[in-house]
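Have a look at coords.pdb; it's PDB, C-alpha atoms:
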ATOM      1  CA  MET A   1      28.870  96.811 101.444
ATOM      2  CA  GLU A   2      31.823  97.963 103.490
ATOM      3  CA  THR A   3      32.680 101.239 101.832
ATOM      4  CA  THR A   4      32.968 104.928 102.406
ATOM      5  CA  SER A   5      29.701 106.787 102.616
ATOM      6  CA  ARG A   6      28.245 107.802  99.297
ATOM      7  CA  ALA A   7      27.946 111.316 100.658
ATOM      8  CA  VAL A   8      31.754 111.480 100.839
ATOM      9  CA  ALA A   9      32.249 111.112  97.097
ATOM     10  CA  GLN A  10      32.658 114.566  95.645
ATOM     11  CA  ALA A  11      31.853 115.080  91.980
ATOM     12  CA  PRO A  12      34.007 117.610  90.143
ATOM     13  CA  ALA A  13      32.568 121.086  90.036
ATOM     14  CA  GLU A  14      30.462 121.892  87.018
ATOM     15  CA  GLU A  15      29.169 125.034  85.423
ATOM     16  CA  ASP A  16      26.789 124.688  82.480
ATOM     17  CA  GLY A  17      27.852 121.066  82.182
ATOM     18  CA  GLN A  18      31.551 121.877  81.984
ATOM     19  CA  HIS A  19      34.465 121.131  84.278
ATOM     20  CA  VAL A  20      35.763 124.010  86.439
ATOM     21  CA  PRO A  21      39.416 123.174  87.226
ATOM     22  CA  SER A  22      40.095 126.188  89.465
ATOM     23  CA  VAL A  23      37.529 125.008  92.026
ATOM     24  CA  ARG A  24      39.197 121.738  92.826
ATOM     25  CA  ARG A  25      42.926 122.308  92.721
ATOM     26  CA  THR A  26      44.609 122.536  96.090
ATOM     27  CA  VAL A  27      47.377 120.405  97.528
ATOM     28  CA  ASP A  28      46.540 121.198 101.161
ATOM     29  CA  GLY A  29      44.095 118.340 101.645
ATOM     30  CA  TYR A  30      46.495 115.840 100.121
ATOM     31  CA  LEU A  31      49.236 116.882 102.514
ATOM     32  CA  ARG A  32      46.926 116.209 105.477
ATOM     33  CA  ALA A  33      46.413 112.562 104.545
ATOM     34  CA  PRO A  34      47.980 109.998 106.907
ATOM     35  CA  PHE A  35      48.394 107.505 104.048
ATOM     36  CA  PRO A  36      50.461 107.456 100.830
ATOM     37  CA  TRP A  37      48.960 108.636  97.547
ATOM     38  CA  TYR A  38      49.158 106.552  94.399
ATOM     39  CA  GLY A  39      49.454 107.622  90.799
ATOM     40  CA  LEU A  40      50.732 106.191  87.545
ATOM     41  CA  ASP A  41      54.355 105.086  87.697
ATOM     42  CA  GLU A  42      57.300 106.702  85.940
ATOM     43  CA  ALA A  43      56.504 104.975  82.649
ATOM     44  CA  PHE A  44      53.828 107.641  82.191
ATOM     45  CA  THR A  45      55.487 110.862  81.065
ATOM     46  CA  GLY A  46      52.448 113.052  80.338
ATOM     47  CA  PRO A  47      50.746 115.777  82.397
ATOM     48  CA  ARG A  48      49.726 115.080  85.999
ATOM     49  CA  TRP A  49      47.188 117.111  87.965
ATOM     50  CA  LEU A  50      45.301 117.187  91.249
ATOM     51  CA  MET A  51      41.570 116.639  91.527
ATOM     52  CA  GLN A  52      40.007 116.573  95.016
ATOM     53  CA  VAL A  53      40.075 114.793  98.369
ATOM     54  CA  GLY A  54      37.130 113.324 100.266
ATOM     55  CA  LEU A  55      36.654 113.479 104.019
ATOM     56  CA  ALA A  56      35.373 110.873 106.457
ATOM     57  CA  ALA A  57      32.657 111.629 108.999
ATOM     58  CA  ASP A  58      35.299 112.699 111.538
ATOM     59  CA  GLY A  59      36.859 115.178 109.116
ATOM     60  CA  ALA A  60      39.932 113.087 108.336
ATOM     61  CA  VAL A  61      41.076 112.706 104.736
ATOM     62  CA  ALA A  62      39.607 109.405 103.537
ATOM     63  CA  HIS A  63      40.373 109.325  99.826
ATOM     64  CA  GLY A  64      41.413 111.443  96.878
ATOM     65  CA  SER A  65      42.127 111.413  93.161
ATOM     66  CA  VAL A  66      44.963 112.483  90.878
ATOM     67  CA  GLY A  67      44.717 112.779  87.112
ATOM     68  CA  HIS A  68      46.997 111.902  84.226
ATOM     69  CA  GLY A  69      46.872 112.942  80.582
ATOM     70  CA  ASP A  70      44.248 115.282  79.180
ATOM     71  CA  GLU A  71      42.017 117.016  81.697
ATOM     72  CA  PRO A  72      38.532 115.676  80.908
ATOM     73  CA  SER A  73      35.366 117.718  80.663
ATOM     74  CA  VAL A  74      31.800 116.553  80.985
ATOM     75  CA  ARG A  75      30.760 115.174  77.623
ATOM     76  CA  SER A  76      27.529 116.661  76.448
ATOM     77  CA  GLU A  77      27.866 114.990  73.067
ATOM     78  CA  TYR A  78      29.549 111.672  73.815
ATOM     79  CA  THR A  79      29.690 109.316  70.861
ATOM     80  CA  ALA A  80      31.932 106.282  70.781
ATOM     81  CA  GLY A  81      34.595 106.684  68.125
ATOM     82  CA  SER A  82      34.031 110.421  67.773
ATOM     83  CA  ASP A  83      36.761 113.015  67.354
ATOM     84  CA  GLN A  84      36.083 114.197  70.918
ATOM     85  CA  GLU A  85      36.845 110.729  72.229
ATOM     86  CA  THR A  86      40.178 110.516  70.411
ATOM     87  CA  LYS A  87      41.215 113.949  71.684
ATOM     88  CA  GLU A  88      40.534 113.134  75.349
ATOM     89  CA  ARG A  89      42.947 110.595  76.806
ATOM     90  CA  PHE A  90      43.105 110.394  80.584
ATOM     91  CA  ALA A  91      43.486 108.091  83.570
ATOM     92  CA  VAL A  92      42.509 109.043  87.114
ATOM     93  CA  VAL A  93      43.897 107.163  90.118
ATOM     94  CA  VAL A  94      41.848 107.058  93.319
ATOM     95  CA  THR A  95      43.555 106.280  96.642
ATOM     96  CA  VAL A  96      41.362 105.114  99.532
ATOM     97  CA  ALA A  97      42.651 104.680 103.078
ATOM     98  CA  ALA A  98      42.168 101.069 104.206
ATOM     99  CA  ASN A  99      40.242 101.296 107.476
ATOM    100  CA  PRO A 100      38.274  98.754 109.491
ATOM    101  CA  VAL A 101      35.046  99.658 111.241
ATOM    102  CA  ARG A 102      36.158 102.034 114.007
ATOM    103  CA  ARG A 103      34.804 104.490 116.533
ATOM    104  CA  SER A 104      34.480 108.148 115.645
ATOM    105  CA  ALA A 105      36.840 110.632 117.267
ATOM    106  CA  ASP A 106      34.184 111.758 119.746
ATOM    107  CA  GLY A 107      33.293 108.171 120.651
ATOM    108  CA  THR A 108      29.618 108.634 119.809
ATOM    109  CA  GLY A 109      29.393 106.274 116.866
ATOM    110  CA  LEU A 110      31.120 104.063 114.326
ATOM    111  CA  LEU A 111      32.860 105.083 111.121
ATOM    112  CA  GLU A 112      32.308 102.879 108.102
ATOM    113  CA  ALA A 113      35.004 100.497 106.931
ATOM    114  CA  THR A 114      36.669 100.783 103.557
ATOM    115  CA  SER A 115      37.466  97.974 101.124
ATOM    116  CA  VAL A 116      38.379  97.345  97.506
ATOM    117  CA  SER A 117      34.688  97.883  96.800
ATOM    118  CA  SER A 118      35.079 101.436  98.109
ATOM    119  CA  ALA A 119      37.768 102.114  95.520
ATOM    120  CA  ALA A 120      35.698 100.450  92.783
ATOM    121  CA  TRP A 121      32.638 102.558  93.580
ATOM    122  CA  LEU A 122      34.531 105.846  93.800
ATOM    123  CA  ALA A 123      36.231 105.085  90.481
ATOM    124  CA  GLY A 124      32.911 104.205  88.867
ATOM    125  CA  VAL A 125      31.287 107.409  90.074
ATOM    126  CA  GLY A 126      34.338 109.378  88.969
ATOM    127  CA  LEU A 127      33.982 108.109  85.421
ATOM    128  CA  LEU A 128      30.283 108.943  85.424
ATOM    129  CA  SER A 129      31.013 112.502  86.522
ATOM    130  CA  PHE A 130      32.717 113.080  83.163
ATOM    131  CA  THR A 131      30.038 111.334  81.118
ATOM    132  CA  TRP A 132      26.896 112.585  79.507
ATOM    133  CA  PRO A 133      25.240 110.316  76.915
ATOM    134  CA  GLY A 134      24.752 111.877  73.515
ATOM    135  CA  GLN A 135      21.321 113.235  72.661
ATOM    136  CA  MET A 136      20.329 113.458  76.338
ATOM    137  CA  ASP A 137      18.484 116.594  77.345
ATOM    138  CA  HIS A 138      20.325 118.716  79.935
ATOM    139  CA  SER A 139      17.389 118.493  82.329
ATOM    140  CA  LEU A 140      17.565 114.688  82.355
ATOM    141  CA  ARG A 141      21.241 114.329  83.230
ATOM    142  CA  ASP A 142      20.741 114.492  87.001
ATOM    143  CA  ASP A 143      18.231 111.647  86.863
ATOM    144  CA  TRP A 144      20.540 109.634  84.620
ATOM    145  CA  LEU A 145      23.521 110.277  86.900
ATOM    146  CA  GLU A 146      21.578 109.221  90.000
ATOM    147  CA  GLN A 147      20.475 106.005  88.327
ATOM    148  CA  GLN A 148      23.961 105.186  87.038
ATOM    149  CA  THR A 149      25.527 106.002  90.407
ATOM    150  CA  GLU A 150      23.262 103.437  92.044
ATOM    151  CA  THR A 151      24.269 100.931  89.363
ATOM    152  CA  ALA A 152      27.955 101.629  90.077
ATOM    153  CA  TRP A 153      27.248 100.978  93.778
ATOM    154  CA  VAL A 154      25.643  97.615  92.986
ATOM    155  CA  LEU A 155      28.491  96.615  90.668
ATOM    156  CA  ALA A 156      31.137  97.565  93.242
ATOM    157  CA  ASP A 157      29.363  95.387  95.793
ATOM    158  CA  ASP A 158      29.815  92.321  93.570
ATOM    159  CA  LEU A 159      33.441  92.342  92.449
ATOM    160  CA  GLU A 160      33.364  88.584  91.914
ATOM    161  CA  GLY A 161      30.396  88.889  89.567
ATOM    162  CA  GLU A 162      30.369  88.386  85.817
ATOM    163  CA  ASP A 163      30.590  92.131  85.141
ATOM    164  CA  TRP A 164      34.187  92.119  86.353
ATOM    165  CA  SER A 165      37.306  90.413  85.034
ATOM    166  CA  THR A 166      40.762  90.105  86.623
ATOM    167  CA  LEU A 167      43.711  92.139  85.439
ATOM    168  CA  SER A 168      47.277  91.988  86.795
ATOM    169  CA  LEU A 169      49.155  95.304  86.866
ATOM    170  CA  PRO A 170      52.361  96.392  88.621
ATOM    171  CA  VAL A 171      52.020  98.322  91.873
ATOM    172  CA  ASP A 172      55.375  99.586  93.114
ATOM    173  CA  GLY A 173      56.867  97.052  90.721
ATOM    174  CA  VAL A 174      54.952  94.087  92.168
ATOM    175  CA  PRO A 175      52.321  92.309  89.985
ATOM    176  CA  THR A 176      48.993  92.943  91.681
ATOM    177  CA  PRO A 177      45.499  91.620  90.839
ATOM    178  CA  PHE A 178      42.796  94.144  90.013
ATOM    179  CA  HIS A 179      39.085  93.866  89.363
ATOM    180  CA  TYR A 180      38.410  95.397  85.956
ATOM    181  CA  ARG A 181      35.396  96.272  83.825
ATOM    182  CA  GLU A 182      34.697  98.255  80.685
ATOM    183  CA  SER A 183      31.660 100.187  79.513
ATOM    184  CA  GLU A 184      30.821 102.408  76.573
ATOM    185  CA  PHE A 185      32.009 105.361  78.629
ATOM    186  CA  GLY A 186      35.435 104.037  79.652
ATOM    187  CA  TRP A 187      36.990 101.562  82.072
ATOM    188  CA  VAL A 188      37.181 101.107  85.844
ATOM    189  CA  LEU A 189      39.505  98.998  87.999
ATOM    190  CA  ALA A 190      40.215  98.478  91.696
ATOM    191  CA  GLY A 191      42.664  96.588  93.901
ATOM    192  CA  SER A 192      44.738  96.827  97.092
ATOM    193  CA  THR A 193      48.371  97.663  97.778
ATOM    194  CA  GLN A 194      51.003  96.527 100.252
ATOM    195  CA  GLU A 195      51.039 100.049 101.691
ATOM    196  CA  GLY A 196      47.675  99.659 103.374
ATOM    197  CA  VAL A 197      45.516 101.526 100.877
ATOM    198  CA  HIS A 198      43.045 100.555  98.184
ATOM    199  CA  VAL A 199      43.560 101.867  94.668
ATOM    200  CA  GLY A 200      40.884 102.505  92.087
ATOM    201  CA  ALA A 201      41.293 103.971  88.626
ATOM    202  CA  TYR A 202      39.172 105.023  85.698
ATOM    203  CA  GLY A 203      39.905 106.392  82.279
ATOM    204  CA  ARG A 204      39.077 106.838  78.659
ATOM    205  CA  GLY A 205      41.245 106.859  75.534
ATOM    206  CA  MET A 206      44.150 105.240  77.432
ATOM    207  CA  SER A 207      44.361 101.464  77.694
ATOM    208  CA  ALA A 208      44.305 100.146  81.243
ATOM    209  CA  TYR A 209      46.355  97.103  80.230
ATOM    210  CA  GLY A 210      49.604  99.014  79.964
ATOM    211  CA  LEU A 211      49.345 100.980  83.213
ATOM    212  CA  GLY A 212      51.451 100.676  86.342
ATOM    213  CA  PHE A 213      50.965 102.335  89.729
ATOM    214  CA  ALA A 214      53.407 103.674  92.289
ATOM    215  CA  VAL A 215      53.480 105.751  95.469
ATOM    216  CA  VAL A 216      53.573 109.452  94.655
ATOM    217  CA  LYS A 217      56.869 110.691  96.032
ATOM    218  CA  ASN A 218      55.953 114.375  95.876
ATOM    219  CA  ILE A 219      52.229 115.100  95.699
ATOM    220  CA  ALA A 220      52.938 118.838  95.400
ATOM    221  CA  ALA A 221      54.409 118.144  91.953
ATOM    222  CA  TYR A 222      50.855 117.396  90.770
ATOM    223  CA  ASP A 223      49.682 120.872  91.780
ATOM    224  CA  ALA A 224      49.214 123.109  88.746
TER     225      ALA A 224
END

Give the structure from the file, written as structure tokens.
Amino acid sequence: METTSRAVAQAPAEEDGQHVPSVRRTVDGYLRAPFPWYGLDEAFTGPRWLMQVGLAADGAVAHGSVGHGDEPSVRSEYTAGSDQETKERFAVVVTVAANPVRRSADGTGLLEATSVSSAAWLAGVGLLSFTWPGQMDHSLRDDWLEQQTETAWVLADDLEGEDWSTLSLPVDGVPTPFHYRESEFGWVLAGSTQEGVHVGAYGRGMSAYGLGFAVVKNIAAYDA
């Protein structure tokens, strides 16, 4: 699969199974990106917040995520339909630079290409990072996460497969096709924009069907 390296994907920091917001929030990496960032469009009026950026092998900013709604925490007691589920409503938008296979800055090797599958995989892994099946022992979560991450990789490599459906959503006001799938833990989608980037998204408690995406005019406004 043409995608960013799996080593590039950075899971949110955790401490005792909980999210640590102060570790990840910095606008500096976002400002270094040579591509535009995407978030939900102006129809969304709730909180917006930064997450983290990922770097390519040459140190350049390759992708990053911005959040909308409630800031999620790792669910140690996830149960569909629970009060915790109704309290946590969020959507995270992942922007991935669209790059072909290219030589590294030092000319010694090749950097991997990116594609819509890259955005789909990063979104899938992002959703997993905030998921912990109910009744699972703490010591087993790493094994579960590794297994599910591999599954997300396989699914992202087969966007035309039966696990995905097609969803049309506005991107900068233009109807754009996305690959979309749901699971018991939330939803994931991925597509491409006219600005030369791929966009992925994942969320829980917010319906994907009513979302729209747009270029972030001022990424610093997401910094809390």

- [ ] Identify which of the residues A:Thr149, A:Ser65, A:Thr176, A:Gln194 lies closest to Val125 (chain A), counting only C-alpha atoms when measuring atom-to-atom distances.
- [x]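 Result for the nearest residue to Val125 (chain A): A:Thr149.
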
Task: Counting only C-alpha atoms, the residue of A:Arg32, A:Thr193, A:Trp37, A:Trp144 that sits nearest Leu169 (chain A) - done: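 Smallest distance to Leu169 (chain A) is found for A:Thr193.
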
Task: Expected selection from the PyMOL selection byres ((chain A and resi 186) around 9), given as a PyMOL selection string - done: chain A and resi 127+181-185+187-188+202-205

Task: Proximity to His179 (chain A) - best of A:Ala152, A:Leu140, A:Val116, A:Val93, only C-alpha atoms - done: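 Selected residue with least distance to His179 (chain A): A:Val116.
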
- [ ] Name the closest residue to Gly54 (chain A) among the candidates A:Val94, A:Ala201, A:Ile219, A:Leu159; distances are taken between atoms, counting all atoms listed in the file.
- [x] A:Val94

Open item on the list: Running the PyMOL selection byres ((chain A and resi 117) around 10) on this model by hand, what would come out? Give it as a PyMOL selection string.
Closed with: chain A and resi 1-4+114-116+118-123+153-159+179+190-191+198-200

- [ ] Please measure the separation of CA of Leu128 (chain A) and CA of Ala60 (chain A), giving the value in Å to one decimal.
- [x]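 We find that CA of Leu128 (chain A) and CA of Ala60 (chain A) lie 25.2 Å from each other.
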
Please enumerate the residues selected by the PyMOL selection byres ((chain A and resi 97) around 9) when evaluated against the supplied file, formatted as an mmCIF file with C-alpha atoms, in the frame of the given file.
data_model
loop_
_atom_site.group_PDB
_atom_site.id
_atom_site.type_symbol
_atom_site.label_atom_id
_atom_site.label_comp_id
_atom_site.auth_asym_id
_atom_site.auth_seq_id
_atom_site.Cartn_x
_atom_site.Cartn_y
_atom_site.Cartn_z
ATOM 1 C CA ALA A 33 46.413 112.562 104.545
ATOM 2 C CA PRO A 34 47.980 109.998 106.907
ATOM 3 C CA PHE A 35 48.394 107.505 104.048
ATOM 4 C CA PRO A 36 50.461 107.456 100.830
ATOM 5 C CA VAL A 61 41.076 112.706 104.736
ATOM 6 C CA ALA A 62 39.607 109.405 103.537
ATOM 7 C CA HIS A 63 40.373 109.325 99.826
ATOM 8 C CA THR A 95 43.555 106.280 96.642
ATOM 9 C CA VAL A 96 41.362 105.114 99.532
ATOM 10 C CA ALA A 98 42.168 101.069 104.206
ATOM 11 C CA ASN A 99 40.242 101.296 107.476
ATOM 12 C CA THR A 114 36.669 100.783 103.557
ATOM 13 C CA SER A 115 37.466 97.974 101.124
ATOM 14 C CA GLY A 196 47.675 99.659 103.374
ATOM 15 C CA VAL A 197 45.516 101.526 100.877
ATOM 16 C CA HIS A 198 43.045 100.555 98.184
ATOM 17 C CA VAL A 199 43.560 101.867 94.668
#

Open item on the list: Could you tell me how far CA of Pro175 (chain A) sits from CA of Ser129 (chain A), in Å to one decimal place?
Closed with: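 Taking CA of Ser129 (chain A) and CA of Pro175 (chain A), their separation equals 29.6 Å.
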
Task: Atom pair CA of Lys217 (chain A) / CA of Ser168 (chain A): separation (Å) - done: 23.0 Å

Open item on the list: Show me, as a PyMOL selection string, the residues that have an atom within 12 Å of Asn218 (chain A) when counting all atoms listed in the file, minus same-chain residues fewer than 4 positions from it.
Closed with: chain A and resi 27+30-31+36-39+48+50+214+222-223

Using the file's own x, y and z axes, so that the box edges lie along x, y and z, what centre and edge lengths in Å (one decimal) does a box around every listed atom of region 69-72 of chain A get when 8 Å is added on each side? Give it as JSON.
{"center_x": 42.7, "center_y": 115.0, "center_z": 80.4, "size_x": 24.3, "size_y": 20.1, "size_z": 18.5}

TODO: Rank A:Thr131, A:Asp58, A:Glu42, A:Asp143 by their smallest atom-to-atom distance to Val171 (chain A), using all atoms listed in the file, and report the top residue only.
DONE: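 Distance minimum relative to Val171 (chain A) lands on A:Glu42.
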
Open item on the list: Between A:Gly59, A:Gly173, A:Gly67, A:Pro72, which residue has the minimum interatomic distance to Val215 (chain A), considering only C-alpha atoms?
Closed with: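 Checking each candidate against Val215 (chain A), we get A:Gly173 as the closest.
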